[in-house]
Amino acid sequence: MKKIIVMLAGLLVVAGILLFESDLPAAEVDARYTSESSQFLRLGEDTRIHYRDEGKPNGPVIVLLHGAMASLHTWSPWVQELGDDYRIITVDLPGHGLTGAVAPAFGAEDPMVTAVSAVVDDLAISRFVLGGNSMGGGVTWRFALAYPERVAAMLLVNAVPAPNWPRINAQSAGSESSQSAVGFTLLGQSWFRAIARYLDPSWLIRQGLEVAYNRSAVVDDALVDRYYSMIMREGTRAAILARTGRWREPRPAFDLSVLTQPSLVMWGAQDAIIDVAVAEQFEQSLPNTTVVIYEDLGHIPMEEDPQRSAADVRRFMQDNFVDEA
């Protein structure tokens, strides 16, 4: 028995050595993924927010927020499709992208909402269309609840639902995809979070992306490398683990029925992360909603099919006369 224990301990040590991967230097990642449009807003000694201000300078403003583990780069296809007519601002939220870890005390109430508010304030933009994918969709409706007068319309792309809504497990509504993202499942386990700070997540990242993007051809080595580099950027991996460790903390109830501005709810029916049935929950909760379902897409419609999804955004903008944004 003692020999077995010693052998298992030895295997764990060897596995730890083989799977260990240190953080990537922040300067190295920044040099690879900063563009000529990149701007950095300093908010204290330990906090800076990375964002891009692109498109038509005097056009209606659209602010876009990415999902968990992602970065503002996810919106590049929409910038290309919509930039001729709209001013598009994309933001790396705290703990993500080139923003990375922020000061512990930053935006204690809601760091994500605080970051968005800081960026639009710095740009002196008082009213705009706000959109987000997945986690960014949750930040979108939380920002709208906090600052309703500033949000002319919302774009909710496979968005995180309110925590007080009835829970719908992904794939319960009949999506053809049955595989789940292993990384998200493991992050929900405290034992995994305790060791994840030291492990190489490359396999989990690739598997998670293939599931999230519904096995789209978009998932190539460059995309996987972008996600890997952003997650492994110095300090970001620890920030992600700290945030996911709070997933199960009690959260307040939210009443989205007070949000009367036009809302476009967009959803890939093959979403293996947030079930398409959640789109109906948004439709029932938001008073002024248009819903578009993409039967063949997954969790990231704006990258899986940028032309089709951007065309729906353009139509929504034109139909709802949000030129004042």
# chains A, B, ... in the order shown; residues from 1 in each chain; ligands from 1
$ closest_atom_pairs --of "stretch 220-274 of chain A" --to "stretch 199-202 of chain A" --cutoff "9 Å" --atoms "only C-alpha atoms" --output "tab-separated table"
residue	atom	partner	partner_atom	distance
A:Val224	CA	A:Ser202	CA	8.3
A:Asp225	CA	A:Ser202	CA	8.7
A:Tyr228	CA	A:Ser202	CA	6.5
A:Ile231	CA	A:Pro201	CA	8.9
A:Met232	CA	A:Pro201	CA	8.7
$ residues_around --residues "stretch 101-118 of chain A" --least-positions-apart "6" --cutoff "6 Å" --atoms "only C-alpha atoms" --output "count of residues only"
8
$ atom_distance --atom1 "atom CA of A:Leu297" --atom2 "atom CA of A:Lys56"
28.6 Å
$ closest_atom_pairs --of "stretch 74-149 of chain A" --to "stretch 273-294 of chain A" --cutoff "12 Å" --atoms "only C-alpha atoms" --output "CSV"
residue,atom,partner,partner_atom,distance
A:Asn133,CA,A:Ile274,CA,10.8
A:Ser134,CA,A:Ile274,CA,7.9
A:Met135,CA,A:Ile274,CA,10.4
A:Gly137,CA,A:Phe282,CA,11.2
A:Gly138,CA,A:Phe282,CA,11.3
A:Trp141,CA,A:Leu286,CA,10.2
A:Ala144,CA,A:Leu286,CA,11.9
A:Leu145,CA,A:Leu286,CA,11.9
$ write_last_selection --atoms "N, CA and C atoms" --output "mmCIF file, in the first residue's frame"
data_model
loop_
_atom_site.group_PDB
_atom_site.id
_atom_site.type_symbol
_atom_site.label_atom_id
_atom_site.label_comp_id
_atom_site.auth_asym_id
_atom_site.auth_seq_id
_atom_site.Cartn_x
_atom_site.Cartn_y
_atom_site.Cartn_z
ATOM 1 N N ASN A 133 -21.696 40.021 -26.269
ATOM 2 C CA ASN A 133 -21.825 38.588 -26.480
ATOM 3 C C ASN A 133 -21.577 37.855 -25.163
ATOM 4 N N SER A 134 -22.437 36.899 -24.841
ATOM 5 C CA SER A 134 -22.261 36.033 -23.671
ATOM 6 C C SER A 134 -22.111 36.881 -22.406
ATOM 7 N N MET A 135 -20.974 36.793 -21.716
ATOM 8 C CA MET A 135 -20.746 37.616 -20.530
ATOM 9 C C MET A 135 -20.917 39.089 -20.839
ATOM 10 N N GLY A 137 -22.895 40.357 -22.950
ATOM 11 C CA GLY A 137 -24.323 40.643 -23.001
ATOM 12 C C GLY A 137 -24.881 40.906 -21.621
ATOM 13 N N GLY A 138 -24.390 40.167 -20.627
ATOM 14 C CA GLY A 138 -24.799 40.421 -19.245
ATOM 15 C C GLY A 138 -24.354 41.787 -18.771
ATOM 16 N N TRP A 141 -26.844 44.505 -20.328
ATOM 17 C CA TRP A 141 -28.112 44.823 -19.666
ATOM 18 C C TRP A 141 -27.901 45.353 -18.247
ATOM 19 N N ALA A 144 -27.238 48.997 -18.791
ATOM 20 C CA ALA A 144 -28.495 49.667 -19.147
ATOM 21 C C ALA A 144 -29.371 49.885 -17.918
ATOM 22 N N LEU A 145 -29.352 48.951 -16.982
ATOM 23 C CA LEU A 145 -30.107 49.144 -15.742
ATOM 24 C C LEU A 145 -29.507 50.267 -14.900
#
$ atom_distance --atom1 "atom CA of A:Ser35" --atom2 "atom CA of A:Pro306"
20.5 Å
$ atom_distance --atom1 "atom CA of A:Pro161" --atom2 "atom CA of A:Glu149"
21.6 Å
$ closest_residue --among "A:Val79, A:Ala222, A:Ala253, A:Ile205" --to "A:Arg142" --atoms "only C-alpha atoms"
A:Ala253
$ closest_atom_pairs --of "stretch 183-246 of chain A" --to "stretch 302-305 of chain A" --cutoff "10 Å" --atoms "only C-alpha atoms" --output "Markdown table"
| residue | atom | partner | partner_atom | distance |
| --- | --- | --- | --- | --- |
| A:Tyr213 | CA | A:Glu304 | CA | 6.7 |
| A:Asn214 | CA | A:Glu304 | CA | 8.4 |
| A:Arg215 | CA | A:Glu304 | CA | 9.5 |
| A:Ser216 | CA | A:Glu304 | CA | 6.5 |
| A:Ala217 | CA | A:Glu304 | CA | 8.2 |
| A:Val218 | CA | A:Glu304 | CA | 6.4 |
| A:Val219 | CA | A:Glu304 | CA | 9.1 |
